[in-house]
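Asker: Sharing query26.csv (CSV, C-alpha atoms and all ligand atoms) below.
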```csv
chain,number,residue,atom,x,y,z
A,1,MET,CA,-30.1,71.2,44.5
A,2,LYS,CA,-32.7,69.7,42.2
A,3,ARG,CA,-35.0,67.1,43.6
A,4,TYR,CA,-37.8,65.1,42.1
A,5,ASN,CA,-41.2,66.4,42.9
A,6,ASP,CA,-43.9,63.9,44.0
A,7,GLY,CA,-45.3,63.8,40.5
A,8,ASP,CA,-42.3,61.9,39.4
A,9,LYS,CA,-42.9,59.0,41.6
A,10,ASN,CA,-45.8,56.6,41.9
A,11,SER,CA,-47.3,55.5,45.2
A,12,HIS,CA,-44.6,52.9,45.7
A,13,GLY,CA,-41.8,55.4,45.3
A,14,VAL,CA,-40.9,54.2,41.9
A,15,ILE,CA,-39.3,56.9,39.8
A,16,MET,CA,-41.5,57.5,36.7
A,17,ASN,CA,-39.6,59.1,33.9
A,18,GLY,CA,-39.7,56.4,31.4
A,19,LEU,CA,-37.2,54.4,33.4
A,20,LYS,CA,-38.4,52.2,36.2
A,21,ILE,CA,-36.1,52.6,39.1
A,22,TYR,CA,-37.2,50.7,42.2
A,23,SER,CA,-34.1,51.1,44.4
A,24,ASN,CA,-30.7,52.7,44.4
A,25,GLN,CA,-32.0,55.9,45.9
A,26,ASN,CA,-28.6,56.8,47.3
A,27,ALA,CA,-27.0,56.5,43.8
A,28,ILE,CA,-29.8,58.6,42.3
A,29,ASP,CA,-29.4,61.3,45.0
A,30,THR,CA,-25.7,61.4,44.5
A,31,LEU,CA,-26.1,61.9,40.7
A,32,LEU,CA,-28.9,64.5,41.1
A,33,ASN,CA,-26.8,66.5,43.6
A,34,MET,CA,-23.8,66.5,41.4
A,35,SER,CA,-25.9,67.5,38.4
A,36,GLY,CA,-27.8,70.1,40.3
A,37,SER,CA,-24.6,71.8,41.5
A,38,GLY,CA,-23.0,71.6,38.0
A,39,ARG,CA,-20.3,69.2,39.3
A,40,LEU,CA,-21.0,66.1,37.3
A,41,SER,CA,-17.8,64.1,36.8
A,42,HIS,CA,-16.7,63.0,33.4
A,43,SER,CA,-16.3,59.3,34.3
A,44,PHE,CA,-18.4,57.0,36.5
A,45,LEU,CA,-18.3,53.5,37.6
A,46,PHE,CA,-21.5,51.7,38.9
A,47,TYR,CA,-20.5,48.5,40.7
A,48,GLY,CA,-22.2,45.7,42.5
A,49,GLU,CA,-23.4,42.2,41.8
A,50,SER,CA,-25.4,41.5,38.7
A,51,GLY,CA,-29.2,42.2,38.9
A,52,LEU,CA,-28.9,45.3,41.1
A,53,GLY,CA,-29.7,47.8,38.4
A,54,LYS,CA,-26.3,49.1,37.3
A,55,LYS,CA,-27.3,49.4,33.6
A,56,THR,CA,-30.5,51.3,34.6
A,57,LEU,CA,-28.3,53.7,36.5
A,58,ALA,CA,-26.1,54.2,33.4
A,59,LYS,CA,-29.2,55.0,31.4
A,60,PHE,CA,-30.5,57.4,34.1
A,61,LEU,CA,-27.2,59.2,34.2
A,62,SER,CA,-27.1,59.4,30.3
A,63,MET,CA,-30.6,61.0,30.4
A,64,LEU,CA,-29.4,63.3,33.2
A,65,ILE,CA,-26.5,64.5,31.1
A,66,LEU,CA,-28.4,65.0,27.8
A,67,CYS,CA,-31.9,65.9,29.0
A,68,GLU,CA,-33.1,69.3,27.6
A,69,ASP,CA,-35.6,70.0,30.4
A,70,ARG,CA,-34.1,72.7,32.6
A,71,GLN,CA,-36.3,72.2,35.6
A,72,ASN,CA,-36.7,68.5,36.1
A,73,LYS,CA,-33.8,66.4,34.7
A,74,PRO,CA,-34.1,63.7,33.5
A,75,CYS,CA,-37.6,64.4,32.3
A,76,GLY,CA,-38.1,61.2,30.2
A,77,LYS,CA,-40.1,63.3,27.7
A,78,CYS,CA,-37.7,65.4,25.7
A,79,ASN,CA,-36.1,64.3,22.4
A,80,PRO,CA,-32.8,63.2,23.9
A,81,CYS,CA,-34.5,61.3,26.8
A,82,ILE,CA,-36.8,59.5,24.4
A,83,LYS,CA,-33.9,58.5,22.2
A,84,ILE,CA,-31.9,57.2,25.2
A,85,LEU,CA,-34.9,55.3,26.4
A,86,SER,CA,-35.2,53.6,23.1
A,87,ASN,CA,-31.4,53.0,22.8
A,88,SER,CA,-31.2,55.1,19.7
A,89,HIS,CA,-29.3,58.3,20.8
A,90,PRO,CA,-26.4,58.8,18.4
A,91,ASP,CA,-24.2,60.3,21.1
A,92,VAL,CA,-24.7,57.5,23.6
A,93,ILE,CA,-22.2,54.8,22.5
A,94,LEU,CA,-22.3,51.4,23.9
A,95,ALA,CA,-18.9,49.7,23.7
A,96,GLN,CA,-19.4,46.3,22.1
A,97,HIS,CA,-18.2,43.1,23.8
A,98,TYR,CA,-15.8,40.8,22.1
A,99,GLY,CA,-15.0,37.1,22.4
A,100,LYS,CA,-16.2,34.4,24.7
A,101,ARG,CA,-15.3,36.1,27.9
A,102,GLY,CA,-17.0,39.3,27.0
A,103,GLY,CA,-14.0,41.6,27.1
A,104,PHE,CA,-13.3,44.6,24.9
A,105,GLU,CA,-11.2,44.4,21.8
A,106,ASP,CA,-8.0,46.6,21.9
A,107,ARG,CA,-8.7,47.8,18.4
A,108,MET,CA,-12.2,48.9,19.3
A,109,LEU,CA,-11.0,50.7,22.4
A,110,LYS,CA,-8.4,52.6,20.3
A,111,GLU,CA,-11.0,53.6,17.8
A,112,LEU,CA,-13.4,54.6,20.5
A,113,SER,CA,-10.7,56.8,22.2
A,114,LEU,CA,-10.1,58.6,18.9
A,115,ASP,CA,-13.8,59.0,18.3
A,116,ALA,CA,-14.2,60.7,21.7
A,117,TYR,CA,-12.3,63.7,20.3
A,118,VAL,CA,-14.9,64.1,17.6
A,119,LYS,CA,-17.7,66.6,18.6
A,120,PRO,CA,-21.2,65.2,19.4
A,121,ASN,CA,-23.9,64.8,16.7
A,122,ASP,CA,-26.9,66.2,18.6
A,123,GLY,CA,-26.2,67.7,21.9
A,124,GLN,CA,-23.5,68.9,24.1
A,125,PHE,CA,-22.0,65.6,25.2
A,126,LYS,CA,-21.0,62.2,23.9
A,127,ILE,CA,-21.4,59.4,26.4
A,128,TYR,CA,-19.4,56.1,26.2
A,129,ILE,CA,-20.9,53.2,28.1
A,130,PHE,CA,-18.7,50.2,29.0
A,131,ALA,CA,-21.4,47.8,30.5
A,132,ASP,CA,-20.4,44.6,32.3
A,133,SER,CA,-16.7,45.5,32.0
A,134,ASP,CA,-15.5,42.8,34.4
A,135,ASN,CA,-13.3,41.3,31.8
A,136,ILE,CA,-11.7,44.5,30.5
A,137,SER,CA,-8.0,43.7,30.2
A,138,ILE,CA,-5.1,45.7,31.8
A,139,LYS,CA,-4.0,46.5,28.3
A,140,GLY,CA,-7.5,47.7,27.4
A,141,GLN,CA,-7.5,49.9,30.5
A,142,ASN,CA,-4.2,51.4,29.6
A,143,ILE,CA,-5.6,52.2,26.1
A,144,LEU,CA,-8.4,54.1,27.7
A,145,LEU,CA,-6.3,55.7,30.4
A,146,LYS,CA,-5.2,58.7,28.3
A,147,ILE,CA,-8.7,59.7,27.3
A,148,ILE,CA,-10.0,59.2,30.9
A,149,GLU,CA,-7.1,61.3,32.3
A,150,GLU,CA,-7.6,64.1,29.9
A,151,PRO,CA,-11.0,63.8,28.3
A,152,PRO,CA,-12.3,66.4,25.8
A,153,PRO,CA,-14.9,68.6,27.6
A,154,HIS,CA,-17.8,66.9,25.6
A,155,ALA,CA,-16.9,63.3,26.5
A,156,LYS,CA,-18.4,61.3,29.4
A,157,PHE,CA,-17.5,57.7,30.3
A,158,ILE,CA,-19.7,55.2,32.3
A,159,PHE,CA,-18.5,51.8,33.4
A,160,THR,CA,-20.5,49.1,35.1
A,161,ALA,CA,-18.8,46.1,36.8
A,162,SER,CA,-19.4,43.7,39.6
A,163,GLY,CA,-16.5,45.2,41.6
A,164,LYS,CA,-14.0,48.0,41.8
A,165,ASP,CA,-10.9,45.9,42.1
A,166,ILE,CA,-10.7,44.9,38.5
A,167,PHE,CA,-9.7,48.4,37.6
A,168,LEU,CA,-6.2,49.9,37.7
A,169,PRO,CA,-5.7,52.5,40.5
A,170,THR,CA,-4.9,55.0,37.8
A,171,ILE,CA,-8.4,54.5,36.3
A,172,LEU,CA,-10.1,54.3,39.6
A,173,SER,CA,-8.7,57.6,40.8
A,174,ARG,CA,-10.3,59.3,37.8
A,175,VAL,CA,-13.8,57.8,38.1
A,176,THR,CA,-16.7,58.5,40.5
A,177,ALA,CA,-17.4,55.0,41.8
A,178,ILE,CA,-21.0,54.5,43.0
A,179,PRO,CA,-22.2,51.2,44.5
A,180,ALA,CA,-25.5,49.7,43.3
A,181,GLN,CA,-27.4,48.6,46.4
A,182,PRO,CA,-29.9,45.8,47.2
A,183,ALA,CA,-33.6,46.7,47.2
A,184,THR,CA,-36.0,46.2,50.1
A,185,ARG,CA,-38.4,43.4,50.1
A,186,GLU,CA,-41.2,45.8,49.3
A,187,GLN,CA,-39.3,47.3,46.3
A,188,CYS,CA,-38.6,43.7,45.0
A,189,ARG,CA,-42.3,42.9,45.3
A,190,THR,CA,-43.3,46.0,43.4
A,191,ALA,CA,-40.8,45.3,40.6
A,192,LEU,CA,-42.0,41.7,40.3
A,193,ILE,CA,-45.6,42.7,40.1
A,194,ASP,CA,-44.7,45.4,37.5
A,195,ALA,CA,-42.9,42.6,35.5
A,196,GLY,CA,-46.2,40.8,35.3
A,197,ILE,CA,-45.5,38.2,38.0
A,198,THR,CA,-48.7,38.0,40.1
A,199,ASP,CA,-48.5,34.6,41.8
A,200,GLU,CA,-48.1,35.6,45.5
A,201,GLY,CA,-46.6,32.2,46.4
A,202,LEU,CA,-44.0,32.6,43.7
A,203,ILE,CA,-43.3,36.2,44.7
A,204,ASP,CA,-42.6,35.2,48.3
A,205,GLU,CA,-40.4,32.3,47.2
A,206,VAL,CA,-38.2,34.3,44.9
A,207,ILE,CA,-37.8,37.1,47.4
A,208,ASN,CA,-36.9,34.6,50.1
A,209,ALA,CA,-34.3,33.2,47.7
A,210,PHE,CA,-32.9,36.3,46.1
A,211,GLY,CA,-34.2,39.1,48.3
A,212,GLY,CA,-32.7,42.4,47.5
A,213,ASN,CA,-31.7,41.6,44.0
A,214,ILE,CA,-34.5,42.6,41.7
A,215,GLY,CA,-32.8,41.3,38.5
A,216,LYS,CA,-32.3,37.9,40.0
A,217,CYS,CA,-35.8,37.8,41.5
A,218,ILE,CA,-37.4,38.5,38.1
A,219,ASP,CA,-35.1,36.0,36.3
A,220,ALA,CA,-35.9,33.3,38.8
A,221,ALA,CA,-39.6,33.9,38.7
A,222,ARG,CA,-39.5,33.5,34.9
A,223,ASN,CA,-37.3,30.5,34.9
A,224,GLU,CA,-38.4,27.1,36.3
A,225,ASP,CA,-34.8,25.8,36.1
A,226,ILE,CA,-33.6,28.5,38.5
A,227,MET,CA,-36.3,27.7,41.0
A,228,LYS,CA,-35.5,24.0,40.8
A,229,ALA,CA,-31.8,24.8,41.4
A,230,VAL,CA,-32.7,26.9,44.4
A,231,ALA,CA,-34.8,24.1,45.8
A,232,ASN,CA,-31.9,21.7,45.3
A,233,VAL,CA,-29.5,24.0,47.0
A,234,LYS,CA,-31.9,24.3,50.0
A,235,ASN,CA,-32.0,20.5,50.3
A,236,VAL,CA,-28.2,20.5,50.3
A,237,CYS,CA,-28.2,23.0,53.1
A,238,LYS,CA,-30.8,21.1,55.1
A,239,ALA,CA,-28.7,18.0,54.8
A,240,ILE,CA,-25.7,19.9,56.0
A,241,ILE,CA,-27.6,21.3,59.0
A,242,SER,CA,-29.0,17.9,60.0
A,243,ARG,CA,-25.6,16.2,59.3
A,244,ASN,CA,-27.3,13.6,57.2
A,245,GLU,CA,-24.7,12.2,54.9
A,246,TYR,CA,-27.0,10.1,52.8
A,247,ALA,CA,-29.4,13.1,52.3
A,248,LEU,CA,-26.5,15.3,51.4
A,249,GLN,CA,-25.1,12.9,48.8
A,250,LYS,CA,-28.6,12.6,47.2
A,251,ALA,CA,-29.3,16.4,47.3
A,252,LEU,CA,-25.9,17.1,45.7
A,253,PHE,CA,-26.4,14.4,43.1
A,254,ASP,CA,-29.8,16.1,42.2
A,255,ALA,CA,-28.3,19.5,42.2
A,256,LEU,CA,-25.4,18.6,39.9
A,257,SER,CA,-27.6,17.6,37.0
A,258,ASP,CA,-25.4,19.3,34.4
A,259,ARG,CA,-22.3,21.5,34.2
A,260,ALA,CA,-24.2,24.8,34.3
A,261,ALA,CA,-26.4,23.6,37.2
A,262,ALA,CA,-23.3,22.4,39.0
A,263,PHE,CA,-21.5,25.7,38.7
A,264,SER,CA,-24.5,27.7,39.9
A,265,THR,CA,-25.1,25.2,42.8
A,266,PHE,CA,-21.6,25.8,44.1
A,267,GLN,CA,-22.0,29.6,43.6
A,268,MET,CA,-25.2,29.7,45.5
A,269,LEU,CA,-23.8,27.5,48.3
A,270,THR,CA,-20.8,29.8,48.6
A,271,LEU,CA,-23.2,32.8,48.9
A,272,ILE,CA,-25.2,31.1,51.6
A,273,MET,CA,-22.0,30.3,53.6
A,274,ARG,CA,-20.7,33.9,53.1
A,275,ASP,CA,-24.0,35.2,54.5
A,276,ALA,CA,-23.8,32.7,57.4
A,277,ILE,CA,-20.4,34.1,58.2
A,278,LEU,CA,-21.8,37.7,58.0
A,279,TYR,CA,-24.7,36.6,60.3
A,280,GLN,CA,-22.3,35.1,62.8
A,281,SER,CA,-20.1,38.1,62.9
A,282,GLY,CA,-23.1,40.1,63.8
A,283,ALA,CA,-23.4,42.1,60.6
A,284,ASN,CA,-27.1,42.6,60.1
A,285,SER,CA,-26.4,42.6,56.4
A,286,GLN,CA,-28.8,43.7,53.6
A,287,VAL,CA,-26.7,41.7,51.2
A,288,MET,CA,-28.2,38.3,52.1
A,289,GLY,CA,-27.7,36.6,48.8
A,290,ILE,CA,-29.9,33.5,49.0
A,291,ASP,CA,-32.4,32.5,51.6
A,292,ARG,CA,-31.8,34.5,54.8
A,293,THR,CA,-33.4,31.9,57.1
A,294,LEU,CA,-31.1,29.1,55.9
A,295,SER,CA,-28.0,31.3,56.2
A,296,GLU,CA,-29.0,32.2,59.8
A,297,GLN,CA,-29.6,28.5,60.7
A,298,ILE,CA,-26.2,27.6,59.2
A,299,GLY,CA,-24.5,30.5,60.9
A,300,GLY,CA,-26.0,29.5,64.2
A,301,LYS,CA,-24.9,25.9,63.9
A,302,PHE,CA,-21.3,26.0,62.6
A,303,THR,CA,-18.1,27.8,63.5
A,304,ILE,CA,-16.6,30.4,61.1
A,305,ASP,CA,-13.7,27.9,60.5
A,306,VAL,CA,-16.1,25.3,59.3
A,307,LEU,CA,-18.0,27.8,57.1
A,308,ILE,CA,-14.7,28.9,55.5
A,309,ALA,CA,-13.7,25.3,55.0
A,310,MET,CA,-17.0,24.7,53.2
A,311,ILE,CA,-16.4,27.7,51.0
A,312,ASP,CA,-13.0,26.2,50.1
A,313,ILE,CA,-14.6,22.9,49.3
A,314,PHE,CA,-17.1,24.5,47.0
A,315,LYS,CA,-14.3,26.4,45.2
A,316,ASN,CA,-12.3,23.1,44.8
A,317,SER,CA,-15.4,21.3,43.5
A,318,SER,CA,-16.1,24.1,41.0
A,319,ALA,CA,-12.5,23.7,39.8
A,320,LEU,CA,-13.1,20.0,39.3
A,321,ILE,CA,-16.1,20.7,36.9
A,322,ASP,CA,-13.6,22.8,34.9
A,323,ARG,CA,-11.3,19.8,34.8
A,324,ASN,CA,-14.1,17.6,33.5
A,325,MET,CA,-14.4,15.3,36.4
A,326,SER,CA,-17.7,13.4,36.2
A,327,LEU,CA,-20.6,15.1,38.1
A,328,PRO,CA,-21.6,12.0,40.2
A,329,LEU,CA,-17.9,11.7,41.3
A,330,ILE,CA,-17.9,15.4,42.2
A,331,SER,CA,-21.0,15.1,44.3
A,332,ALA,CA,-19.5,12.0,46.1
A,333,LYS,CA,-16.2,13.8,46.7
A,334,THR,CA,-18.0,17.0,47.9
A,335,THR,CA,-20.1,15.0,50.3
A,336,ALA,CA,-17.0,13.3,51.7
A,337,ASP,CA,-15.1,16.6,52.0
A,338,ILE,CA,-18.0,18.4,53.7
A,339,PHE,CA,-18.4,15.6,56.3
A,340,ALA,CA,-14.7,15.6,56.9
A,341,ALA,CA,-14.9,19.4,57.7
A,342,LEU,CA,-18.1,19.3,59.9
A,401,ZN,ZN,-35.4,65.0,29.1
```
For the structure just supplied, provide its representation as structure tokens.

Answerer:
Amino acid sequence: MKRYNDGDKNSHGVIMNGLKIYSNQNAIDTLLNMSGSGRLSHSFLFYGESGLGKKTLAKFLSMLILCEDRQNKPCGKCNPCIKILSNSHPDVILAQHYGKRGGFEDRMLKELSLDAYVKPNDGQFKIYIFADSDNISIKGQNILLKIIEEPPPHAKFIFTASGKDIFLPTILSRVTAIPAQPATREQCRTALIDAGITDEGLIDEVINAFGGNIGKCIDAARNEDIMKAVANVKNVCKAIISRNEYALQKALFDALSDRAAAFSTFQMLTLIMRDAILYQSGANSQVMGIDRTLSEQIGGKFTIDVLIAMIDIFKNSSALIDRNMSLPLISAKTTADIFAAL
């Protein structure tokens, strides 16, 4: 079994081979163990919510497969590693997304399946990466099924998606599915500082809001709109906790400033309620999506029935945005619905 020696990590435990990997140690260990014992599968799926480092894992795995260093894969220094790091390796093929929903075009998948039979340019393997494959169609999966069931020995396939359940059982049974996992507070902090975010107050604020999800923490710290949206969502929660109907109406009105903000508001509120349910059911979850303290307060205050009712309300309200109901009307209706449920 090959392990990293200490020289490959900095003092914060960040892997240093050209890639910065702050978390996902379990996934990395699984891949290293498989590779070390020569039992690397031909197909992988990294799954988990966006921001948890799935694409970095795909890159790590590509390097692991093609690295020329015999002792310490992936070295980050050999020719294949350097090409993968700069997204220019001819045998690492990223499937292109197509259309508004970001699916994959059937024609492209057919071409790609045929291409997989052609020998690699440089090394021993060809790697096909299907990143963000949440919107891959059933038909598209069936196109890929044959090549995934009986791949040529030089072909490897890597999928990333938010969950496993979008895939057909026939595909799932052929892939090694590995979850991407939330980072610790300290790992988030290190990643934020490495990303050039030095304001301690801001670091604390984004970790409180998106703790565990390094991608979301960095996005939020760089985007004032996200922080504003988080502040609005917190006000909505506080109004719910204090059962203040007027404050709730106002907070929701502020939060629903445009369609995009409205969607993300209901998404964040749903996550908070989900975490409140987890908290109440005694699961000391690492997966606290947004603001642990608020989730705990809400979980301590309302029954699970009420929390589930609120999740339903947020779902219905999101659907109303899709149906072009005016945002002030949606905030008024949501307020009324919540108060009827409390
Ligand atoms: Zn290498």

Asker: Using all atoms listed in the file and a cutoff of 9 Å, can you tell me which residues are near (-21.2, 24.7, 46.1) in the file's coordinates, and write them out as a ChimeraX atom specification?

Answerer: /A:233,252,262-271,310-311,313-315,317-318,334

Asker: Restricting the calculation to all atoms listed in the file: of A:Ala177, A:Cys188, A:Cys81, A:Ile65, which residue gets closest to ligand ZN 401 (chain A)?

Answerer: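 Checking each of A:Ala177, A:Cys188, A:Cys81, A:Ile65 against ligand ZN 401 (chain A), counting all atoms listed in the file, the winner is A:Cys81.
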
Asker: Applying 7 Å and all atoms listed in the file, which residues near A:Leu45 remain after dropping the ones on its own chain fewer than 5 positions away? List them as a PyMOL selection string.

Answerer: chain A and resi 158-160+175-178

Asker: Given a cut-off of 9 Å, what residues near ligand ZN 401 (chain A) show up using only C-alpha atoms and all ligand atoms, put as a PDB file with C-alpha atoms, in the frame of the given file?

Answerer:
```pdb
ATOM      1  CA  ASN A  17     -39.600  59.100  33.900  1.00  0.00           C
ATOM      2  CA  MET A  63     -30.600  61.000  30.400  1.00  0.00           C
ATOM      3  CA  LEU A  64     -29.400  63.300  33.200  1.00  0.00           C
ATOM      4  CA  LEU A  66     -28.400  65.000  27.800  1.00  0.00           C
ATOM      5  CA  CYS A  67     -31.900  65.900  29.000  1.00  0.00           C
ATOM      6  CA  GLU A  68     -33.100  69.300  27.600  1.00  0.00           C
ATOM      7  CA  ASP A  69     -35.600  70.000  30.400  1.00  0.00           C
ATOM      8  CA  ARG A  70     -34.100  72.700  32.600  1.00  0.00           C
ATOM      9  CA  ASN A  72     -36.700  68.500  36.100  1.00  0.00           C
ATOM     10  CA  LYS A  73     -33.800  66.400  34.700  1.00  0.00           C
ATOM     11  CA  PRO A  74     -34.100  63.700  33.500  1.00  0.00           C
ATOM     12  CA  CYS A  75     -37.600  64.400  32.300  1.00  0.00           C
ATOM     13  CA  GLY A  76     -38.100  61.200  30.200  1.00  0.00           C
ATOM     14  CA  LYS A  77     -40.100  63.300  27.700  1.00  0.00           C
ATOM     15  CA  CYS A  78     -37.700  65.400  25.700  1.00  0.00           C
ATOM     16  CA  ASN A  79     -36.100  64.300  22.400  1.00  0.00           C
ATOM     17  CA  PRO A  80     -32.800  63.200  23.900  1.00  0.00           C
ATOM     18  CA  CYS A  81     -34.500  61.300  26.800  1.00  0.00           C
ATOM     19  CA  ILE A  82     -36.800  59.500  24.400  1.00  0.00           C
TER      20      ILE A  82
END
```

Asker: Please report the interatomic distance between atom CA of A:Thr335 and atom CA of A:Gln249 in Å with one decimal.

Answerer: 5.6 Å

Asker: Please measure the separation of atom CA of A:His42 and atom CA of A:Asp165, giving the value in Å to one decimal.

Answerer: 20.0 Å

Asker: If you count only C-alpha atoms, which residues fall within 8 Å of A:Ala58, apart from same-chain ones fewer than 2 positions away, as a list in words?

Answerer: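 The residues satisfying every condition are Phe46, Lys54, Lys55, Thr56, Phe60, Leu61, Ser62, Ile129, Ile158, Phe159 and Thr160 of chain A.
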
Asker: Create the file for the chosen residues now, containing C-alpha atoms and written as an mmCIF file, in the coordinates of the input.

Answerer:
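So again-v4.cif came out as:
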```cif
data_model
loop_
_atom_site.group_PDB
_atom_site.id
_atom_site.type_symbol
_atom_site.label_atom_id
_atom_site.label_comp_id
_atom_site.auth_asym_id
_atom_site.auth_seq_id
_atom_site.Cartn_x
_atom_site.Cartn_y
_atom_site.Cartn_z
ATOM 1 C CA PHE A 46 -21.500 51.700 38.900
ATOM 2 C CA LYS A 54 -26.300 49.100 37.300
ATOM 3 C CA LYS A 55 -27.300 49.400 33.600
ATOM 4 C CA THR A 56 -30.500 51.300 34.600
ATOM 5 C CA PHE A 60 -30.500 57.400 34.100
ATOM 6 C CA LEU A 61 -27.200 59.200 34.200
ATOM 7 C CA SER A 62 -27.100 59.400 30.300
ATOM 8 C CA ILE A 129 -20.900 53.200 28.100
ATOM 9 C CA ILE A 158 -19.700 55.200 32.300
ATOM 10 C CA PHE A 159 -18.500 51.800 33.400
ATOM 11 C CA THR A 160 -20.500 49.100 35.100
#
```

Asker: Report the distance between atom CA of A:Tyr22 and atom CA of A:Ala191 in Å, rounded to one decimal place.

Answerer: 6.7 Å
